[in-house]
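Below is query-v6.txt, which holds compact mmCIF, C-alpha atoms.
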```txt
# COMPACT_ATOMS: atom_id res chain seq x y z
CA MET A 60 24.41 -51.12 72.73
CA THR A 61 25.79 -54.54 73.71
CA ASP A 62 27.04 -55.56 77.16
CA GLU A 63 30.64 -55.55 75.99
CA GLN A 64 30.33 -51.99 74.77
CA PHE A 65 28.68 -50.93 78.03
CA GLN A 66 31.41 -52.59 80.15
CA GLN A 67 34.15 -50.89 78.12
CA LEU A 68 32.59 -47.47 78.68
CA LYS A 69 32.20 -48.31 82.37
CA ARG A 70 35.91 -49.10 82.68
CA TYR A 71 36.76 -45.74 81.09
CA LYS A 72 34.54 -44.06 83.70
CA GLU A 73 36.19 -45.88 86.62
CA LEU A 74 39.65 -44.83 85.38
CA LEU A 75 38.39 -41.26 85.25
CA ASP A 76 37.01 -41.45 88.79
CA VAL A 77 40.25 -42.96 90.16
CA GLY A 78 42.26 -40.22 88.51
CA VAL A 79 44.16 -42.36 86.07
CA LEU A 80 42.54 -40.58 83.11
CA ALA A 81 42.16 -36.86 82.75
CA PRO A 82 38.74 -35.57 81.69
CA ASN A 83 39.92 -34.69 78.21
CA GLU A 84 41.51 -38.08 77.74
CA TYR A 85 38.32 -39.78 78.91
CA LYS A 86 36.26 -37.77 76.46
CA ARG A 87 38.66 -38.54 73.60
CA LEU A 88 38.66 -42.29 74.33
CA LYS A 89 34.87 -42.38 74.66
CA ASP A 90 34.29 -40.52 71.37
CA ARG A 91 36.71 -42.69 69.47
CA PHE A 92 35.14 -45.85 70.89
CA LEU A 93 31.66 -44.73 69.95
CA GLN A 94 32.76 -43.81 66.40
CA VAL A 95 34.37 -47.19 65.89
CA GLU A 96 31.26 -48.93 67.10
CA MET A 97 28.98 -46.89 64.86
CA ILE A 98 31.11 -47.69 61.82
CA ALA A 99 31.03 -51.37 62.67
CA LEU A 100 27.27 -51.23 63.08
CA ASP A 101 26.81 -49.59 59.68
CA VAL A 102 29.00 -52.18 58.00
CA GLU A 103 27.08 -54.96 59.63
CA GLN A 104 23.71 -53.57 58.57
CA SER A 105 24.86 -53.01 54.98
CA GLN A 106 26.00 -56.64 54.74
CA LYS A 107 22.61 -57.94 55.80
CA PRO A 108 20.36 -58.96 52.84
CA GLN A 109 17.32 -56.69 52.35
CA PRO A 110 13.90 -58.25 52.10
CA ILE A 111 12.58 -58.89 48.58
CA THR A 112 9.29 -57.22 49.30
CA GLU A 113 11.00 -53.99 50.26
CA THR A 114 12.99 -53.95 47.00
CA ARG A 115 9.87 -54.57 44.96
CA ASN A 116 8.02 -51.80 46.73
CA LYS A 117 10.81 -49.37 46.06
CA SER A 118 10.95 -50.27 42.34
CA GLN A 119 7.18 -49.96 42.02
CA ALA A 120 7.30 -46.59 43.75
CA ARG A 121 9.96 -45.46 41.32
CA GLN A 122 7.85 -46.64 38.34
CA LYS A 123 4.80 -44.85 39.70
CA ARG A 124 6.76 -41.66 40.13
CA SER A 125 8.15 -41.92 36.58
CA TRP A 126 4.68 -42.53 35.09
CA LYS A 127 3.34 -39.69 37.15
CA TRP A 128 5.64 -37.25 35.29
CA LEU A 129 5.51 -39.05 31.94
CA LYS A 130 1.74 -38.73 31.38
CA PRO A 131 1.63 -34.90 31.47
CA ILE A 132 4.60 -34.77 29.10
CA LEU A 133 2.82 -37.07 26.66
CA TYR A 134 -0.34 -34.97 26.86
CA VAL A 135 1.65 -31.80 26.15
CA LEU A 136 3.40 -33.42 23.17
CA LEU A 137 0.07 -34.62 21.77
CA LEU A 138 -1.41 -31.13 22.14
CA LEU A 139 1.59 -29.59 20.37
CA ILE A 140 1.25 -32.06 17.48
CA ILE A 141 -2.45 -31.23 17.08
CA LEU A 142 -1.79 -27.49 17.18
CA SER A 143 1.05 -27.69 14.64
CA GLY A 144 -1.14 -29.76 12.30
CA GLY A 145 -3.96 -27.21 12.56
CA TYR A 146 -1.58 -24.32 11.90
CA ALA A 147 -0.12 -26.10 8.85
CA TYR A 148 -3.63 -26.69 7.48
CA LEU A 149 -4.55 -23.01 7.94
CA GLN A 150 -1.38 -21.92 6.14
CA TRP A 151 -2.07 -24.30 3.25
CA HIS A 152 -5.68 -23.10 2.97
CA HIS A 153 -4.55 -19.44 3.03
CA GLN A 154 -1.95 -20.02 0.29
CA ASN A 155 -4.49 -21.78 -1.94
CA SER A 156 -6.94 -18.91 -1.45
CA GLN A 157 -4.25 -16.39 -2.44
CA LYS A 158 -3.40 -18.41 -5.55
CA ILE A 159 -7.05 -18.56 -6.60
CA ILE A 160 -7.43 -14.79 -6.09
CA GLN A 161 -4.30 -14.09 -8.15
CA LYS A 162 -5.54 -16.33 -10.98
CA ASN A 163 -8.89 -14.57 -11.01
CA GLU A 164 -7.19 -11.17 -11.12
CA GLN A 165 -4.94 -12.26 -13.99
CA ASN A 166 -7.92 -13.62 -15.92
CA ALA A 167 -9.81 -10.38 -15.36
CA ILE A 168 -6.84 -8.35 -16.60
CA VAL A 169 -6.49 -10.53 -19.71
CA GLN A 170 -10.20 -10.24 -20.46
CA SER A 171 -10.14 -6.46 -20.00
CA ASP A 172 -7.09 -6.21 -22.30
CA LEU A 173 -8.85 -8.30 -24.93
CA SER A 174 -12.01 -6.21 -24.73
CA SER A 175 -10.06 -2.94 -24.94
CA THR A 176 -8.07 -4.27 -27.89
CA LYS A 177 -11.27 -5.26 -29.68
CA GLN A 178 -12.79 -1.86 -28.96
CA GLN A 179 -9.71 -0.05 -30.25
CA THR A 180 -9.73 -2.22 -33.36
CA LYS A 181 -13.37 -1.39 -33.99
CA GLN A 182 -12.73 2.32 -33.44
CA SER A 183 -9.71 2.33 -35.75
CA SER A 184 -11.60 0.43 -38.46
CA SER A 185 -14.57 2.79 -38.20
CA SER A 186 -12.23 5.80 -38.25
CA SER A 187 -10.44 4.42 -41.31
CA GLU A 188 -13.74 3.90 -43.07
CA LYS A 189 -14.81 7.45 -42.20
CA ASN A 190 -11.48 8.85 -43.40
CA THR A 191 -11.70 6.91 -46.63
CA ARG A 192 -15.28 8.03 -47.20
CA THR A 193 -14.41 11.65 -46.37
CA ASN A 194 -11.37 11.69 -48.62
CA SER A 195 -13.27 10.16 -51.50
CA GLU A 196 -16.07 12.71 -51.10
CA SER A 197 -13.54 15.54 -50.88
CA SER A 198 -11.75 14.24 -53.96
CA GLU A 199 -14.98 14.05 -55.88
CA LYS A 200 -15.97 17.57 -54.84
CA ALA A 201 -12.54 18.94 -55.69
CA ALA A 202 -12.55 17.20 -59.06
CA ASN A 203 -15.99 18.56 -59.84
CA SER A 204 -15.03 22.08 -58.85
CA THR A 205 -11.83 21.86 -60.88
CA ASN A 206 -13.66 20.61 -63.89
CA LEU A 207 -16.18 23.43 -63.59
CA THR A 208 -13.43 26.02 -63.19
CA SER A 209 -11.44 24.71 -66.12
CA THR A 210 -14.56 24.62 -68.26
CA VAL A 211 -15.41 28.23 -67.45
CA ASP A 212 -11.83 29.39 -67.99
CA ALA A 213 -11.58 27.56 -71.26
CA SER A 214 -14.82 28.96 -72.62
CA SER A 215 -14.29 32.57 -71.54
CA VAL A 216 -10.60 33.25 -71.93
CA PRO A 217 -8.47 32.45 -74.96
CA VAL A 218 -5.41 30.47 -73.93
CA ASP A 219 -2.04 30.29 -75.60
CA ASP A 220 -0.92 26.66 -75.72
CA THR A 221 2.75 27.57 -75.53
CA ASP A 222 2.36 29.72 -72.43
CA THR A 223 0.21 27.14 -70.69
CA ALA A 224 2.71 24.38 -71.22
CA SER A 225 5.62 26.46 -69.95
CA THR A 226 3.67 27.60 -66.84
CA SER A 227 2.56 24.09 -65.86
CA THR A 228 6.09 22.81 -66.21
CA SER A 229 7.61 25.55 -64.09
CA THR A 230 5.00 25.52 -61.33
CA ALA A 231 4.65 21.74 -60.76
CA VAL A 232 4.65 20.97 -57.00
CA ASP A 233 5.26 17.35 -55.96
CA ALA A 234 4.18 15.62 -52.73
CA SER A 235 7.61 15.96 -51.11
CA SER A 236 7.82 19.75 -51.58
CA ALA A 237 4.18 20.09 -50.49
CA GLU A 238 4.89 18.15 -47.27
CA SER A 239 8.00 20.26 -46.65
CA ALA A 240 6.01 23.50 -47.06
CA LEU A 241 3.27 22.18 -44.75
CA THR A 242 5.74 21.14 -42.04
CA GLN A 243 7.63 24.43 -42.12
CA ASN A 244 4.51 26.62 -41.94
CA ASP A 245 2.33 24.57 -39.53
CA SER A 246 2.15 25.74 -35.91
CA THR A 247 -0.17 22.99 -34.62
CA GLY A 248 2.57 20.38 -34.25
CA VAL A 249 0.53 17.65 -35.94
CA ALA A 250 2.42 14.58 -37.22
CA TRP A 251 1.23 14.85 -40.83
CA THR A 252 0.99 11.83 -43.11
CA TYR A 253 0.63 12.03 -46.87
CA GLN A 254 -2.69 10.52 -47.97
CA ASN A 255 -3.33 11.15 -51.62
CA ALA A 256 -3.16 13.66 -54.48
CA THR A 257 -6.31 15.30 -55.81
CA ALA A 258 -7.06 17.65 -58.66
CA ASN A 259 -6.68 20.59 -56.25
CA GLY A 260 -3.41 19.52 -54.64
CA PHE A 261 -2.04 17.14 -52.02
CA VAL A 262 -3.98 15.89 -48.97
CA PHE A 263 -2.27 15.25 -45.61
CA VAL A 264 -3.95 13.89 -42.46
CA GLY A 265 -3.04 13.66 -38.79
CA PRO A 266 -3.62 10.87 -36.23
CA THR A 267 -7.23 9.95 -35.44
CA ASN A 268 -8.49 11.18 -32.07
CA GLU A 269 -10.52 9.13 -29.60
CA ASP A 270 -13.80 10.66 -30.77
CA GLY A 271 -13.06 9.80 -34.41
CA SER A 272 -12.02 13.29 -35.54
CA TYR A 273 -8.66 14.06 -37.16
CA ALA A 274 -6.64 16.94 -38.60
CA LYS A 275 -6.54 17.50 -42.36
CA ALA A 276 -4.40 19.73 -44.59
CA LEU A 277 -4.63 20.56 -48.31
CA VAL A 278 -1.60 21.99 -50.12
CA THR A 279 -2.59 23.60 -53.45
CA ASP A 280 -0.36 25.02 -56.17
CA ARG A 281 -1.23 28.70 -56.84
CA SER A 282 -0.07 28.33 -60.48
CA ASP A 283 2.10 31.42 -60.22
CA GLY A 284 5.37 29.50 -60.13
CA GLN A 285 6.24 30.71 -56.62
CA ASN A 286 3.52 30.12 -54.02
CA VAL A 287 1.32 27.36 -52.64
CA GLU A 288 -1.84 27.65 -50.57
CA ILE A 289 -1.99 25.67 -47.30
CA ARG A 290 -5.35 25.07 -45.72
CA THR A 291 -5.53 23.22 -42.38
CA GLY A 292 -8.53 22.22 -40.28
CA THR A 293 -10.36 19.40 -38.52
CA VAL A 294 -12.61 16.67 -39.87
CA ASP A 295 -15.29 15.89 -37.28
CA THR A 296 -17.24 12.69 -36.72
CA ASP A 297 -19.75 13.70 -39.41
CA SER A 298 -16.95 13.82 -42.02
CA SER A 299 -17.27 17.60 -42.20
CA TRP A 300 -14.00 19.50 -42.74
CA SER A 301 -13.73 22.82 -40.91
CA VAL A 302 -10.86 24.99 -42.20
CA ASN A 303 -9.10 26.77 -39.34
CA ASP A 304 -6.17 28.36 -41.18
CA ASP A 305 -5.56 29.35 -44.80
CA VAL A 306 -2.17 30.81 -45.80
CA THR A 307 -0.19 31.29 -48.98
CA VAL A 308 3.57 30.66 -48.76
CA PRO A 309 6.44 30.28 -51.22
CA TRP A 310 7.15 26.65 -51.95
CA GLN A 311 10.70 26.87 -53.32
```

Would you mind writing the structure in this file as structure tokens?
Amino acid sequence: MTDEQFQQLKRYKELLDVGVLAPNEYKRLKDRFLQVEMIALDVEQSQKPQPITETRNKSQARQKRSWKWLKPILYVLLLLIILSGGYAYLQWHHQNSQKIIQKNEQNAIVQSDLSSTKQQTKQSSSSSEKNTRTNSESSEKAANSTNLTSTVDASSVPVDDTDTASTSTSTAVDASSAESALTQNDSTGVAWTYQNATANGFVFVGPTNEDGSYAKALVTDRSDGQNVEIRTGTVDTDSSWSVNDDVTVPWQ
């Protein structure tokens, strides 16, 4: 506080002591005077130039504080980049592994399909060969038996040529009527397929089973003009035909 300020406050005190100023007036004047002086002092100090060293110190302190917070942030960002790169590599490695596994599975499936197809082809070819061999043997046996029967009949019984011709014409059974008679009188439900005609009649076969066996049917004309004989059975893997059912039914 300067001398002028002190003297002014002293004068206010003297006026209070003399009774010119009331206590509340004295207090109001003193407070206002002090406020005015404080404002003037602040203005004066703000107008004074600050030292250069102080400004530099403040700026350096600010820079240090900023670097103090910037370094941990940089470290965190670097750690996040490393972690994201590692995670991306793991995902890429996992996807490649899955692709390789899927390719291997597909190749295994294709190879198994090829092997099963080859095996089925071999089985079907072997079954066809067996069927052909069996049918040829059956045809030969039937032809031989027919020839023997016809020879015996011709040598022992006199035959009228006219009657024989009329009977053979009236009792002729074709493959279509034989298949119809077989389908209508078969209870096994086999999908019959016409194979060939022999001296004894018409041969029908069913689908080949996994073990190489198949169903076989022989439809024979009874030569009486009305009936046919239907024999059904199974041909095993040894080409042996076992007759399971033998019936005589009308064919017309």

Nearest candidate to Asp295 in chain A (options A:Asn166, A:Asn268, A:Thr180, A:Asn244; using all atoms listed in the file)
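Answer, going by the shortest atom-to-atom distance: A:Asn268.
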
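Reported to one decimal place, the separation of CA of Asn83 in chain A from CA of Thr61 in chain A is 24.8 Å.
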
Nearest to Val262 in chain A: which of A:Leu68, A:Leu136, A:Ala234, A:Val306 is it, counting all atoms listed in the file?
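So, comparing all the options, the nearest one is A:Ala234.
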
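CA of Gln179 in chain A sits 29.5 Å away from CA of Leu241 in chain A.
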
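Of note, CA of Thr247 in chain A and CA of Glu288 in chain A are spaced 16.7 Å apart.
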
Need the shell around Glu84 in chain A: protein/DNA/RNA residues with any atom at most 10 Å away, counting all atoms listed in the file. Skip same-chain ones fewer than 5 positions apart. Format as a PyMOL selection string?
chain A and resi 71+75+79+89-90

Around (-3.8, 15.7, -48.0) in the file's own coordinates, what residues are found within 9 Å if you use all atoms listed in the file, given back as a list in words?
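The residues near that point, listed by chain and number, are Asn194, Trp251, Thr252, Tyr253, Gln254, Asn255, Ala256, Thr257, Gly260, Phe261, Val262, Phe263, Val264, Lys275, Ala276, Leu277 and Val278 of chain A.
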
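Distance annotation: of A:Ser175, A:Thr307, A:Ser235, A:Gln157, the residue with the minimal separation from Gln285 in chain A is A:Thr307; atom set is all atoms listed in the file.
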
Ranking A:Glu73, A:Glu96, A:Glu269, A:Asp101 by minimum distance to Gln182 in chain A and counting only C-alpha atoms, which one comes first?
A:Glu269

Neighbours of Leu88 in chain A within 12 Å (only C-alpha atoms; same-chain residues fewer than 3 positions away dropped), as a ChimeraX atom specification?
/A:67-72,74-75,80-85,91-95

Put those residues in a file: C-alpha atoms, as an mmCIF file, in the frame of the given file.
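Saved file result.cif follows:
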```
data_model
loop_
_atom_site.group_PDB
_atom_site.id
_atom_site.type_symbol
_atom_site.label_atom_id
_atom_site.label_comp_id
_atom_site.auth_asym_id
_atom_site.auth_seq_id
_atom_site.Cartn_x
_atom_site.Cartn_y
_atom_site.Cartn_z
ATOM 1 C CA GLN A 67 34.150 -50.890 78.120
ATOM 2 C CA LEU A 68 32.590 -47.470 78.680
ATOM 3 C CA LYS A 69 32.200 -48.310 82.370
ATOM 4 C CA ARG A 70 35.910 -49.100 82.680
ATOM 5 C CA TYR A 71 36.760 -45.740 81.090
ATOM 6 C CA LYS A 72 34.540 -44.060 83.700
ATOM 7 C CA LEU A 74 39.650 -44.830 85.380
ATOM 8 C CA LEU A 75 38.390 -41.260 85.250
ATOM 9 C CA LEU A 80 42.540 -40.580 83.110
ATOM 10 C CA ALA A 81 42.160 -36.860 82.750
ATOM 11 C CA PRO A 82 38.740 -35.570 81.690
ATOM 12 C CA ASN A 83 39.920 -34.690 78.210
ATOM 13 C CA GLU A 84 41.510 -38.080 77.740
ATOM 14 C CA TYR A 85 38.320 -39.780 78.910
ATOM 15 C CA ARG A 91 36.710 -42.690 69.470
ATOM 16 C CA PHE A 92 35.140 -45.850 70.890
ATOM 17 C CA LEU A 93 31.660 -44.730 69.950
ATOM 18 C CA GLN A 94 32.760 -43.810 66.400
ATOM 19 C CA VAL A 95 34.370 -47.190 65.890
#
```

Could you give me the centre and size, in Å to one decimal, of an axis-aligned box around all listed atoms of range 66-77 of chain A with 3 Å added on every side, as lines of an AutoDock Vina configuration file?
```
center_x = 35.8
center_y = -46.9
center_z = 84.1
size_x = 14.8
size_y = 17.3
size_z = 18.0
```

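Proximity ranking of A:Ser105, A:Thr279, A:Gln161, A:Asn303 relative to Ala237 in chain A places A:Thr279 first, based on all atoms listed in the file.
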